[in-house]
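**Student:** I'm passing along input.json; it holds JSON, C-alpha atoms and all ligand atoms.
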[["chain", "number", "residue", "atom", "x", "y", "z"],
["A", 243, "MET", "CA", -6.43, -3.83, 3.36],
["A", 244, "TYR", "CA", -5.36, -3.01, -0.19],
["A", 245, "VAL", "CA", -3.55, -5.52, -2.38],
["A", 246, "TRP", "CA", -1.95, -5.60, -5.81],
["A", 247, "VAL", "CA", -3.37, -7.88, -8.48],
["A", 248, "ASN", "CA", -1.22, -7.21, -11.54],
["A", 249, "ASP", "CA", -1.63, -3.46, -12.16],
["A", 250, "GLN", "CA", -4.68, -3.04, -9.98],
["A", 251, "LEU", "CA", -4.47, -1.74, -6.46],
["A", 252, "ILE", "CA", -7.72, -2.97, -4.95],
["A", 253, "ARG", "CA", -9.36, -3.88, -1.67],
["A", 254, "ARG", "CA", -8.61, -7.39, -0.56],
["A", 255, "ASP", "CA", -12.27, -8.42, -0.60],
["A", 256, "LYS", "CA", -12.44, -7.37, -4.26],
["A", 257, "ALA", "CA", -9.38, -9.44, -5.25],
["A", 258, "VAL", "CA", -10.18, -12.61, -7.19],
["A", 259, "VAL", "CA", -8.03, -15.63, -8.03],
["A", 260, "ASP", "CA", -9.00, -17.68, -11.07],
["A", 261, "MET", "CA", -9.81, -21.30, -10.15],
["A", 262, "GLU", "CA", -7.43, -22.40, -12.87],
["A", 263, "ASP", "CA", -4.55, -20.21, -11.82],
["A", 264, "ARG", "CA", -1.49, -22.47, -12.09],
["A", 265, "GLY", "CA", -0.20, -21.18, -8.78],
["A", 266, "TYR", "CA", -3.36, -22.51, -7.14],
["A", 267, "GLN", "CA", -3.39, -25.83, -9.01],
["A", 268, "PHE", "CA", 0.30, -26.70, -9.47],
["A", 269, "GLY", "CA", 2.20, -24.38, -7.14],
["A", 270, "ASP", "CA", 3.51, -23.02, -10.43],
["A", 271, "GLY", "CA", 4.98, -19.74, -9.28],
["A", 272, "VAL", "CA", 7.55, -18.02, -7.09],
["A", 273, "TYR", "CA", 7.47, -15.63, -4.17],
["A", 274, "GLU", "CA", 9.43, -13.31, -1.89],
["A", 275, "VAL", "CA", 8.99, -11.77, 1.55],
["A", 276, "VAL", "CA", 10.75, -8.47, 2.22],
["A", 277, "ARG", "CA", 11.08, -6.87, 5.63],
["A", 278, "MET", "CA", 10.41, -3.18, 6.19],
["A", 279, "TYR", "CA", 11.97, -1.28, 9.11],
["A", 280, "ASN", "CA", 10.96, 2.34, 9.80],
["A", 281, "GLY", "CA", 9.47, 2.81, 6.38],
["A", 282, "ALA", "CA", 12.47, 1.43, 4.46],
["A", 283, "PHE", "CA", 12.72, -1.98, 2.82],
["A", 284, "PHE", "CA", 15.69, -4.11, 3.93],
["A", 285, "MET", "CA", 17.85, -5.47, 1.09],
["A", 286, "LEU", "CA", 15.09, -5.01, -1.49],
["A", 287, "PRO", "CA", 17.43, -5.16, -4.54],
["A", 288, "GLU", "CA", 18.74, -8.54, -3.37],
["A", 289, "HIS", "CA", 15.19, -9.90, -2.93],
["A", 290, "LEU", "CA", 14.15, -8.66, -6.37],
["A", 291, "GLU", "CA", 17.24, -10.14, -7.97],
["A", 292, "ARG", "CA", 16.48, -13.51, -6.36],
["A", 293, "LEU", "CA", 12.86, -13.21, -7.53],
["A", 294, "GLN", "CA", 14.00, -12.54, -11.10],
["A", 295, "ASN", "CA", 16.30, -15.53, -10.89],
["A", 296, "SER", "CA", 13.56, -17.83, -9.53],
["A", 297, "LEU", "CA", 11.31, -16.70, -12.42],
["A", 298, "LYS", "CA", 14.05, -17.45, -14.93],
["A", 299, "GLU", "CA", 14.70, -20.89, -13.44],
["A", 300, "ILE", "CA", 11.07, -22.00, -13.82],
["A", 301, "GLY", "CA", 10.64, -20.27, -17.17],
["A", 302, "ILE", "CA", 8.10, -17.57, -16.32],
["A", 303, "SER", "CA", 8.75, -14.60, -18.52],
["A", 304, "TYR", "CA", 8.20, -11.56, -16.30],
["A", 305, "ASP", "CA", 10.57, -8.64, -16.01],
["A", 306, "VAL", "CA", 10.60, -7.41, -12.44],
["A", 307, "LYS", "CA", 12.09, -4.03, -13.42],
["A", 308, "GLU", "CA", 9.86, -3.46, -16.40],
["A", 309, "GLN", "CA", 6.80, -4.32, -14.28],
["A", 310, "ARG", "CA", 7.87, -1.71, -11.68],
["A", 311, "VAL", "CA", 7.72, -4.22, -8.81],
["A", 312, "ALA", "CA", 9.92, -2.13, -6.49],
["A", 313, "GLU", "CA", 7.67, 0.91, -6.95],
["A", 314, "LYS", "CA", 4.55, -1.20, -6.48],
["A", 315, "LEU", "CA", 5.86, -2.62, -3.21],
["A", 316, "LYS", "CA", 6.57, 0.84, -1.86],
["A", 317, "GLU", "CA", 3.12, 1.97, -2.92],
["A", 318, "ILE", "CA", 1.28, -0.94, -1.28],
["A", 319, "MET", "CA", 2.97, -0.29, 2.07],
["A", 320, "LYS", "CA", 2.10, 3.40, 1.89],
["A", 321, "LYS", "CA", -1.48, 2.73, 0.85],
["A", 322, "ASN", "CA", -1.91, 0.41, 3.86],
["A", 323, "ASP", "CA", -0.07, 2.76, 6.21],
["A", 324, "VAL", "CA", 2.59, 0.18, 7.13],
["A", 325, "THR", "CA", 6.08, 1.30, 8.11],
["A", 326, "ASP", "CA", 7.18, -1.77, 10.11],
["A", 327, "GLY", "CA", 6.32, -5.21, 8.84],
["A", 328, "ALA", "CA", 6.87, -7.12, 5.62],
["A", 329, "VAL", "CA", 5.49, -7.40, 2.14],
["A", 330, "TYR", "CA", 4.54, -10.73, 0.56],
["A", 331, "MET", "CA", 4.59, -11.00, -3.22],
["A", 332, "GLN", "CA", 4.12, -13.85, -5.63],
["A", 333, "ILE", "CA", 4.08, -14.34, -9.37],
["A", 334, "THR", "CA", 2.34, -17.36, -10.87],
["A", 335, "ARG", "CA", 2.28, -18.56, -14.46],
["A", 336, "GLY", "CA", -1.36, -17.41, -14.44],
["A", 337, "ALA", "CA", -4.62, -19.06, -15.43],
["A", 338, "ALA", "CA", -4.98, -21.58, -18.25],
["A", 339, "PRO", "CA", -7.13, -24.66, -18.95],
["A", 340, "ARG", "CA", -5.75, -27.35, -16.63],
["A", 341, "ASN", "CA", -2.85, -29.14, -18.26],
["A", 342, "HIS", "CA", 0.54, -29.98, -16.75],
["A", 343, "SER", "CA", 2.52, -28.53, -19.64],
["A", 344, "PHE", "CA", 2.79, -24.74, -19.83],
["A", 345, "PRO", "CA", 0.21, -22.69, -21.74],
["A", 346, "ASP", "CA", 1.47, -21.34, -25.08],
["A", 347, "GLN", "CA", 0.61, -17.80, -24.12],
["A", 348, "PRO", "CA", 0.86, -17.49, -20.35],
["A", 349, "ASN", "CA", -0.43, -14.42, -18.53],
["A", 350, "PRO", "CA", 1.58, -14.27, -15.28],
["A", 351, "VAL", "CA", -0.28, -12.99, -12.23],
["A", 352, "PHE", "CA", 1.47, -10.73, -9.73],
["A", 353, "THR", "CA", -0.04, -10.28, -6.28],
["A", 354, "ALA", "CA", 1.41, -8.43, -3.29],
["A", 355, "TYR", "CA", 0.24, -7.23, 0.10],
["A", 356, "PRO", "CA", 1.66, -6.32, 3.50],
["A", 357, "ILE", "CA", 1.93, -8.94, 6.22],
["A", 358, "PRO", "CA", 2.33, -8.08, 9.90],
["A", 359, "VAL", "CA", 5.74, -9.02, 11.27],
["A", 360, "LYS", "CA", 7.21, -8.05, 14.60],
["A", 361, "ARG", "CA", 10.75, -8.67, 15.79],
["A", 362, "PRO", "CA", 10.49, -11.85, 17.94],
["A", 363, "VAL", "CA", 12.36, -10.19, 20.79],
["A", 364, "GLU", "CA", 11.84, -12.78, 23.50],
["A", 365, "ALA", "CA", 12.79, -15.75, 21.32],
["A", 366, "GLN", "CA", 15.85, -13.88, 20.05],
["A", 367, "GLU", "CA", 16.84, -13.16, 23.63],
["A", 368, "ASN", "CA", 16.37, -16.67, 25.06],
["A", 369, "GLY", "CA", 16.90, -18.83, 22.00],
["A", 370, "VAL", "CA", 14.61, -21.52, 20.59],
["A", 371, "GLN", "CA", 14.60, -25.25, 19.90],
["A", 372, "MET", "CA", 14.62, -27.21, 16.66],
["A", 373, "THR", "CA", 13.61, -30.73, 15.70],
["A", 374, "LEU", "CA", 15.27, -32.87, 13.03],
["A", 375, "VAL", "CA", 13.19, -33.74, 9.98],
["A", 376, "GLU", "CA", 14.34, -35.58, 6.87],
["A", 377, "ASP", "CA", 14.66, -33.24, 3.89],
["A", 378, "MET", "CA", 12.21, -34.73, 1.39],
["A", 379, "ARG", "CA", 11.99, -31.66, -0.84],
["A", 380, "TRP", "CA", 12.93, -31.64, -4.51],
["A", 381, "LEU", "CA", 16.50, -30.87, -5.55],
["A", 382, "ARG", "CA", 15.99, -27.25, -6.58],
["A", 383, "CYS", "CA", 15.62, -25.69, -3.15],
["A", 384, "ASP", "CA", 17.55, -22.68, -4.48],
["A", 385, "ILE", "CA", 14.36, -21.63, -6.30],
["A", 386, "LYS", "CA", 11.93, -19.78, -4.02],
["A", 387, "SER", "CA", 8.90, -21.58, -5.46],
["A", 388, "LEU", "CA", 5.36, -21.77, -4.15],
["A", 389, "ASN", "CA", 5.75, -25.53, -3.61],
["A", 390, "LEU", "CA", 6.07, -25.44, 0.15],
["A", 391, "LEU", "CA", 4.24, -28.64, 1.10],
["A", 392, "TRP", "CA", 7.16, -30.40, 2.77],
["A", 393, "ASN", "CA", 8.32, -27.14, 4.36],
["A", 394, "ALA", "CA", 4.81, -26.68, 5.78],
["A", 395, "MET", "CA", 4.64, -30.30, 7.00],
["A", 396, "ALA", "CA", 8.04, -29.93, 8.66],
["A", 397, "LYS", "CA", 7.03, -26.69, 10.37],
["A", 398, "GLN", "CA", 3.90, -28.42, 11.65],
["A", 399, "LYS", "CA", 6.03, -31.27, 13.09],
["A", 400, "ALA", "CA", 8.14, -28.63, 14.86],
["A", 401, "LYS", "CA", 5.05, -26.91, 16.23],
["A", 402, "GLU", "CA", 3.63, -30.19, 17.53],
["A", 403, "LYS", "CA", 6.88, -30.79, 19.44],
["A", 404, "GLY", "CA", 6.86, -27.29, 20.88],
["A", 405, "CYS", "CA", 9.82, -26.29, 18.68],
["A", 406, "PHE", "CA", 10.28, -23.05, 16.77],
["A", 407, "GLU", "CA", 11.64, -24.66, 13.62],
["A", 408, "SER", "CA", 12.62, -27.97, 12.08],
["A", 409, "LEU", "CA", 16.14, -28.74, 10.87],
["A", 410, "PHE", "CA", 16.38, -30.64, 7.61],
["A", 411, "TYR", "CA", 18.93, -33.41, 6.97],
["A", 412, "ARG", "CA", 19.48, -35.27, 3.72],
["A", 413, "ASN", "CA", 21.54, -38.28, 2.59],
["A", 414, "GLU", "CA", 21.31, -39.81, 6.08],
["A", 415, "ASN", "CA", 23.29, -37.14, 7.92],
["A", 416, "HIS", "CA", 23.87, -33.96, 5.90],
["A", 417, "ILE", "CA", 22.34, -30.88, 7.49],
["A", 418, "THR", "CA", 20.83, -28.57, 4.87],
["A", 419, "GLU", "CA", 18.65, -25.79, 6.35],
["A", 420, "GLY", "CA", 15.49, -25.07, 8.32],
["A", 421, "SER", "CA", 11.97, -25.33, 6.88],
["A", 422, "SER", "CA", 11.95, -21.54, 6.42],
["A", 423, "SER", "CA", 15.43, -20.51, 7.53],
["A", 424, "ASN", "CA", 19.15, -21.11, 7.02],
["A", 425, "PHE", "CA", 21.18, -22.94, 9.66],
["A", 426, "PHE", "CA", 24.55, -21.88, 11.08],
["A", 427, "GLY", "CA", 26.83, -23.65, 13.54],
["A", 428, "VAL", "CA", 29.81, -22.30, 15.48],
["A", 429, "LYS", "CA", 32.73, -24.48, 16.54],
["A", 430, "ASN", "CA", 35.99, -23.18, 18.03],
["A", 431, "GLY", "CA", 35.15, -19.65, 16.86],
["A", 432, "VAL", "CA", 34.54, -20.66, 13.22],
["A", 433, "ILE", "CA", 31.06, -20.05, 11.75],
["A", 434, "TYR", "CA", 29.76, -22.79, 9.43],
["A", 435, "THR", "CA", 26.80, -22.85, 7.07],
["A", 436, "HIS", "CA", 25.74, -24.98, 4.09],
["A", 437, "PRO", "CA", 27.17, -23.79, 0.74],
["A", 438, "ALA", "CA", 24.76, -21.90, -1.52],
["A", 439, "ASN", "CA", 23.83, -24.67, -3.96],
["A", 440, "PRO", "CA", 20.55, -26.30, -5.09],
["A", 441, "TYR", "CA", 20.11, -28.06, -1.70],
["A", 442, "ILE", "CA", 19.24, -24.79, 0.07],
["A", 443, "LEU", "CA", 17.66, -21.42, -0.48],
["A", 444, "ASN", "CA", 20.41, -18.82, -0.41],
["A", 445, "GLY", "CA", 18.74, -16.62, 2.19],
["A", 446, "ILE", "CA", 19.10, -12.86, 2.02],
["A", 447, "THR", "CA", 19.65, -12.84, 5.80],
["A", 448, "ARG", "CA", 22.26, -15.60, 5.34],
["A", 449, "ARG", "CA", 24.09, -13.36, 2.88],
["A", 450, "ALA", "CA", 23.87, -10.38, 5.26],
["A", 451, "VAL", "CA", 25.38, -12.50, 8.06],
["A", 452, "LEU", "CA", 28.21, -13.79, 5.85],
["A", 453, "ASN", "CA", 28.88, -10.22, 4.76],
["A", 454, "ILE", "CA", 29.06, -9.17, 8.42],
["A", 455, "CYS", "CA", 31.54, -12.01, 9.01],
["A", 456, "GLN", "CA", 33.67, -10.79, 6.12],
["A", 457, "GLU", "CA", 33.63, -7.16, 7.21],
["A", 458, "ASN", "CA", 34.53, -8.04, 10.80],
["A", 459, "GLN", "CA", 37.05, -10.75, 9.97],
["A", 460, "PHE", "CA", 35.03, -13.45, 11.76],
["A", 461, "PRO", "CA", 36.28, -16.78, 10.42],
["A", 462, "TYR", "CA", 33.60, -18.63, 8.46],
["A", 463, "GLU", "CA", 33.30, -21.53, 6.08],
["A", 464, "GLU", "CA", 30.52, -22.60, 3.72],
["A", 465, "LYS", "CA", 30.59, -26.32, 4.37],
["A", 466, "VAL", "CA", 28.11, -29.17, 4.88],
["A", 467, "LEU", "CA", 27.77, -30.08, 8.55],
["A", 468, "THR", "CA", 26.85, -33.64, 9.49],
["A", 469, "LEU", "CA", 24.54, -34.75, 12.28],
["A", 470, "ASN", "CA", 27.66, -35.74, 14.17],
["A", 471, "ASP", "CA", 29.14, -32.24, 13.75],
["A", 472, "VAL", "CA", 25.93, -30.76, 15.11],
["A", 473, "LYS", "CA", 26.35, -32.75, 18.34],
["A", 474, "GLN", "CA", 29.72, -31.05, 18.89],
["A", 475, "LEU", "CA", 28.72, -27.43, 18.17],
["A", 476, "ASP", "CA", 29.49, -24.63, 20.62],
["A", 477, "GLU", "CA", 26.68, -22.47, 19.22],
["A", 478, "ALA", "CA", 23.98, -22.59, 16.59],
["A", 479, "PHE", "CA", 21.55, -20.10, 15.10],
["A", 480, "ILE", "CA", 19.18, -19.75, 12.19],
["A", 481, "THR", "CA", 18.56, -16.79, 9.92],
["A", 482, "SER", "CA", 15.54, -15.56, 8.00],
["A", 483, "THR", "CA", 13.83, -12.35, 6.99],
["A", 484, "THR", "CA", 11.39, -12.59, 9.90],
["A", 485, "ALA", "CA", 13.46, -14.44, 12.54],
["A", 486, "GLU", "CA", 16.62, -12.41, 11.71],
["A", 487, "VAL", "CA", 19.43, -14.01, 13.77],
["A", 488, "MET", "CA", 17.78, -16.54, 16.10],
["A", 489, "PRO", "CA", 19.84, -18.53, 18.65],
["A", 490, "ILE", "CA", 19.27, -22.30, 18.84],
["A", 491, "THR", "CA", 19.63, -23.82, 22.28],
["A", 492, "ALA", "CA", 18.65, -27.43, 21.55],
["A", 493, "ILE", "CA", 17.98, -29.74, 18.61],
["A", 494, "ASP", "CA", 15.76, -32.61, 19.80],
["A", 495, "ASP", "CA", 17.77, -34.09, 22.71],
["A", 496, "ILE", "CA", 21.03, -32.41, 21.68],
["A", 497, "THR", "CA", 21.86, -29.42, 23.89],
["A", 498, "VAL", "CA", 23.78, -26.85, 21.86],
["A", 499, "GLY", "CA", 26.84, -25.64, 23.82],
["A", 500, "ASN", "CA", 25.72, -24.86, 27.36],
["A", 501, "GLY", "CA", 22.10, -24.49, 26.26],
["A", 502, "GLU", "CA", 22.20, -20.71, 26.10],
["A", 503, "PRO", "CA", 22.76, -18.28, 23.22],
["A", 504, "GLY", "CA", 26.52, -18.01, 22.71],
["A", 505, "PRO", "CA", 28.84, -15.00, 22.34],
["A", 506, "VAL", "CA", 29.37, -15.29, 18.56],
["A", 507, "THR", "CA", 25.60, -15.44, 18.00],
["A", 508, "ARG", "CA", 25.14, -12.41, 20.24],
["A", 509, "LYS", "CA", 27.74, -10.42, 18.32],
["A", 510, "LEU", "CA", 26.13, -11.31, 14.99],
["A", 511, "GLN", "CA", 22.69, -10.39, 16.33],
["A", 512, "LYS", "CA", 23.98, -7.00, 17.40],
["A", 513, "LEU", "CA", 25.76, -6.30, 14.11],
["A", 514, "PHE", "CA", 22.70, -7.44, 12.18],
["A", 515, "PHE", "CA", 20.37, -5.14, 14.19],
["A", 516, "GLU", "CA", 22.66, -2.24, 13.40],
["A", 517, "ARG", "CA", 22.05, -2.82, 9.70],
["A", 518, "THR", "CA", 18.27, -2.88, 9.93],
["B", 601, "LIG", "C1", 13.64, -22.82, 2.91],
["B", 601, "LIG", "C2", 14.13, -21.47, 3.31],
["B", 601, "LIG", "N1", 15.42, -21.30, 3.59],
["B", 601, "LIG", "C3", 15.90, -20.10, 4.01],
["B", 601, "LIG", "C4", 15.08, -19.00, 4.16],
["B", 601, "LIG", "C5", 15.64, -17.69, 4.63],
["B", 601, "LIG", "O1", 15.69, -16.77, 3.56],
["B", 601, "LIG", "P1", 15.65, -15.21, 3.82],
["B", 601, "LIG", "O2", 16.78, -14.88, 4.73],
["B", 601, "LIG", "O3", 15.84, -14.64, 2.45],
["B", 601, "LIG", "O4", 14.33, -14.88, 4.40],
["B", 601, "LIG", "C6", 13.72, -19.13, 3.86],
["B", 601, "LIG", "C7", 12.83, -17.98, 4.00],
["B", 601, "LIG", "O5", 11.64, -18.06, 3.93],
["B", 601, "LIG", "C8", 13.23, -20.39, 3.42],
["B", 601, "LIG", "O6", 11.93, -20.56, 3.14]]
In structure tokens, write the structure found in this file.

**Tutor:**
Amino acid sequence: MYVWVNDQLIRRDKAVVDMEDRGYQFGDGVYEVVRMYNGAFFMLPEHLERLQNSLKEIGISYDVKEQRVAEKLKEIMKKNDVTDGAVYMQITRGAAPRNHSFPDQPNPVFTAYPIPVKRPVEAQENGVQMTLVEDMRWLRCDIKSLNLLWNAMAKQKAKEKGCFESLFYRNENHITEGSSSNFFGVKNGVIYTHPANPYILNGITRRAVLNICQENQFPYEEKVLTLNDVKQLDEAFITSTTAEVMPITAIDDITVGNGEPGPVTRKLQKLFFERT
């Protein structure tokens, strides 16, 4: 496999990360994952805009346009002969003698390479289960940073319980999002999801789904659901670049609706597929 390290397109076994790269030592960096369908990236401008915003929020000076990131992503997929899958990219503040405060003259490091992703057809058809986990992350979840320790721990808890994903709650009973996905609930035909604020990552798939709701006049509201609301839902689903629109049939011992993917979720799945 070939990978990008800054402006070098090299074989993966030739790629080297400095031991003092701040991404490696402090999680001091940001990332994105973009899906490719039939040789075309899905919502690439939106991903790159979010990347630029994450960079700005943590004060890494790196111009995504000037650095030709879009072109580089296309090139890396071509070089590796990938037409269906995803690309992973990250930008760290680069290497510097270990010190918490930022180096005076940082040299950001860009890396990118394709990752294999297949549409999880069976799970999308049958639905999956979630488990509740307290949201112990910091309060800037809107930044897509490399600090994924609690997300990783939560996903592991889900895996150990045989669940597909964990569902975060904060402040005793406020549902925020999944460990790597956004959460939606449906009640009496209205689609609910957490507002885009620092408590969640404003997912690109989340935005696509809300846009589909707008275009099709499906009633929706960006509102915080409580644990109690979740017990009353007719339907639930999560969204992410790799899971797309994934029905949720149970959350721990709460059965969602009748325990099967519901009609609103099915409609959104179909309309989402048509866009990809
Ligand atoms: C915490 C979190 N929320 C939501 C999402 C979904 O975002 P997207 O639809 O852009 O993949 C992700 C994706 O990895 C995530 O890590």

**Student:** Could you give me the residues within 9 Å of ligand LIG 601 (chain B), counting all atoms listed in the file, as a VMD selection string?

**Tutor:** chain A and resid 274 to 277 288 to 289 292 383 to 384 386 390 393 419 to 425 442 to 450 480 to 486

**Student:** Show me, as a count of residues only, the residues that have an atom within 12 Å of segment 281-284 of chain A when counting all atoms listed in the file, minus same-chain residues fewer than 6 positions from it.

**Tutor:** 30

**Student:** Quote the spacing between atom CA of His416 of chain A and atom CA of Pro505 of chain A in Å to one decimal place.

**Tutor:**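 Taking atom CA of His416 of chain A as the start and atom CA of Pro505 of chain A as the end point, the length is 25.6 Å.
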
**Student:** What separation in Å, quoted to one decimal, exists between atom CA of Glu457 of chain A and atom CA of Leu513 of chain A?

**Tutor:**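 Atom-to-atom, atom CA of Glu457 of chain A to atom CA of Leu513 of chain A, that is 10.5 Å.
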
**Student:** In the coordinates of the file, take the point (24.6, -38.1, 5.6) and a cut-off of 10 Å; then, counting only C-alpha atoms, name each qualifying protein, DNA or RNA residue as a PyMOL selection string.

**Tutor:** chain A and resi 411-417+466-470

**Student:** Those selected residues, please, written with C-alpha atoms and delivered as an mmCIF file, in the coordinates of the input.

**Tutor:**
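Written file, selection-v2.cif:
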data_model
loop_
_atom_site.group_PDB
_atom_site.id
_atom_site.type_symbol
_atom_site.label_atom_id
_atom_site.label_comp_id
_atom_site.auth_asym_id
_atom_site.auth_seq_id
_atom_site.Cartn_x
_atom_site.Cartn_y
_atom_site.Cartn_z
ATOM 1 C CA TYR A 411 18.930 -33.410 6.970
ATOM 2 C CA ARG A 412 19.480 -35.270 3.720
ATOM 3 C CA ASN A 413 21.540 -38.280 2.590
ATOM 4 C CA GLU A 414 21.310 -39.810 6.080
ATOM 5 C CA ASN A 415 23.290 -37.140 7.920
ATOM 6 C CA HIS A 416 23.870 -33.960 5.900
ATOM 7 C CA ILE A 417 22.340 -30.880 7.490
ATOM 8 C CA VAL A 466 28.110 -29.170 4.880
ATOM 9 C CA LEU A 467 27.770 -30.080 8.550
ATOM 10 C CA THR A 468 26.850 -33.640 9.490
ATOM 11 C CA LEU A 469 24.540 -34.750 12.280
ATOM 12 C CA ASN A 470 27.660 -35.740 14.170
#

**Student:** As JSON, what would the box around segment 456-465 of chain A look like: edges along x, y and z, 4 Å added on every side, centre and edge lengths in Å to one decimal?

**Tutor:**
{"center_x": 33.8, "center_y": -16.7, "center_z": 7.7, "size_x": 14.5, "size_y": 27.2, "size_z": 16.0}

**Student:** Provide the atom CA of Pro461 of chain A to atom CA of Arg361 of chain A distance in Å, to one decimal place.

**Tutor:**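 That distance, rounded to one decimal, is 27.3 Å.
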
**Student:** Using all atoms listed in the file, determine which residues lie at most 12 Å from Gln474 of chain A, disregarding the query and same-chain residues fewer than 6 positions distant; provide the list as a PyMOL selection string.

**Tutor:** chain A and resi 427-430+467-468+492-493+496-500

**Student:** Please tell me which residues are no farther than 7 Å from (6.7, -21.6, -4.8) in the file, counting only C-alpha atoms, and write them as a VMD selection string.

**Tutor:** chain A and resid 269 to 273 386 to 390

**Student:** Considering only C-alpha atoms, can you say which of A:Arg382, A:Arg508, A:Arg335, A:Arg253 comes closest to Pro348 of chain A?

**Tutor:**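 Closest candidate: A:Arg335.
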
**Student:** Please determine, counting only C-alpha atoms, which residue among A:Phe406, A:Ile385, A:Gln511, A:Trp380 has the shortest atom-to-atom distance to Ala438 of chain A.

**Tutor:** A:Ile385

**Student:** Rank nothing, just name the residue among A:Glu299, A:Glu477, A:Asp377, A:Asp249 nearest to Phe426 of chain A, using all atoms listed in the file.

**Tutor:** A:Glu477

**Student:** List as number ranges by chain the protein and nucleic acid residues near Arg254 of chain A, meaning an atom at most 10 Å away when all atoms listed in the file are counted, but skip any in the same chain fewer than 3 places from it.

**Tutor:** A: 243-247, 251, 257-258, 355

**Student:** Measuring atom to atom with only C-alpha atoms, identify which of A:Arg340, A:Lys399, A:Lys314, A:Lys298 is nearest to Arg264 of chain A.

**Tutor:**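 The shortest atom-to-atom distance to Arg264 of chain A comes from A:Arg340.
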
**Student:** For Leu510 of chain A, which residue out of A:Ile433, A:Ile357, A:Leu381, A:Leu475 is the nearest one, using only C-alpha atoms?

**Tutor:**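 Of A:Ile433, A:Ile357, A:Leu381, A:Leu475, the one nearest Leu510 of chain A is A:Ile433, counting only C-alpha atoms.
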
**Student:** Considering only C-alpha atoms, state which residue in the set A:Met488, A:Val370, A:Ala337, A:Leu452 is at the smallest distance from Gly501 of chain A.

**Tutor:**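 Once distances to Gly501 of chain A are computed over only C-alpha atoms, the minimum belongs to A:Val370.
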
**Student:** Generate N, CA and C atoms for segment 382-393 of chain A and emit them as an mmCIF file, in the frame of the given file.

**Tutor:**
data_model
loop_
_atom_site.group_PDB
_atom_site.id
_atom_site.type_symbol
_atom_site.label_atom_id
_atom_site.label_comp_id
_atom_site.auth_asym_id
_atom_site.auth_seq_id
_atom_site.Cartn_x
_atom_site.Cartn_y
_atom_site.Cartn_z
ATOM 1 N N ARG A 382 15.779 -28.635 -6.168
ATOM 2 C CA ARG A 382 15.990 -27.250 -6.580
ATOM 3 C C ARG A 382 15.495 -26.298 -5.489
ATOM 4 N N CYS A 383 16.035 -26.516 -4.284
ATOM 5 C CA CYS A 383 15.620 -25.690 -3.150
ATOM 6 C C CYS A 383 16.156 -24.272 -3.270
ATOM 7 N N ASP A 384 17.035 -24.040 -4.249
ATOM 8 C CA ASP A 384 17.550 -22.680 -4.480
ATOM 9 C C ASP A 384 16.498 -21.782 -5.128
ATOM 10 N N ILE A 385 15.446 -22.405 -5.687
ATOM 11 C CA ILE A 385 14.360 -21.630 -6.300
ATOM 12 C C ILE A 385 13.314 -21.353 -5.217
ATOM 13 N N LYS A 386 12.924 -20.107 -5.057
ATOM 14 C CA LYS A 386 11.930 -19.780 -4.020
ATOM 15 C C LYS A 386 10.542 -19.980 -4.620
ATOM 16 N N SER A 387 10.158 -21.258 -4.768
ATOM 17 C CA SER A 387 8.900 -21.580 -5.460
ATOM 18 C C SER A 387 7.753 -21.690 -4.469
ATOM 19 N N LEU A 388 6.553 -21.680 -4.989
ATOM 20 C CA LEU A 388 5.360 -21.770 -4.150
ATOM 21 C C LEU A 388 5.145 -23.182 -3.606
ATOM 22 N N ASN A 389 5.901 -24.145 -4.089
ATOM 23 C CA ASN A 389 5.750 -25.530 -3.610
ATOM 24 C C ASN A 389 6.349 -25.681 -2.228
ATOM 25 N N LEU A 390 5.535 -25.447 -1.209
ATOM 26 C CA LEU A 390 6.070 -25.440 0.150
ATOM 27 C C LEU A 390 5.471 -26.564 0.994
ATOM 28 N N LEU A 391 4.954 -27.622 0.332
ATOM 29 C CA LEU A 391 4.240 -28.640 1.100
ATOM 30 C C LEU A 391 5.116 -29.302 2.155
ATOM 31 N N TRP A 392 6.333 -29.735 1.767
ATOM 32 C CA TRP A 392 7.160 -30.400 2.770
ATOM 33 C C TRP A 392 7.668 -29.417 3.828
ATOM 34 N N ASN A 393 7.918 -28.167 3.389
ATOM 35 C CA ASN A 393 8.320 -27.140 4.360
ATOM 36 C C ASN A 393 7.195 -26.942 5.378
#
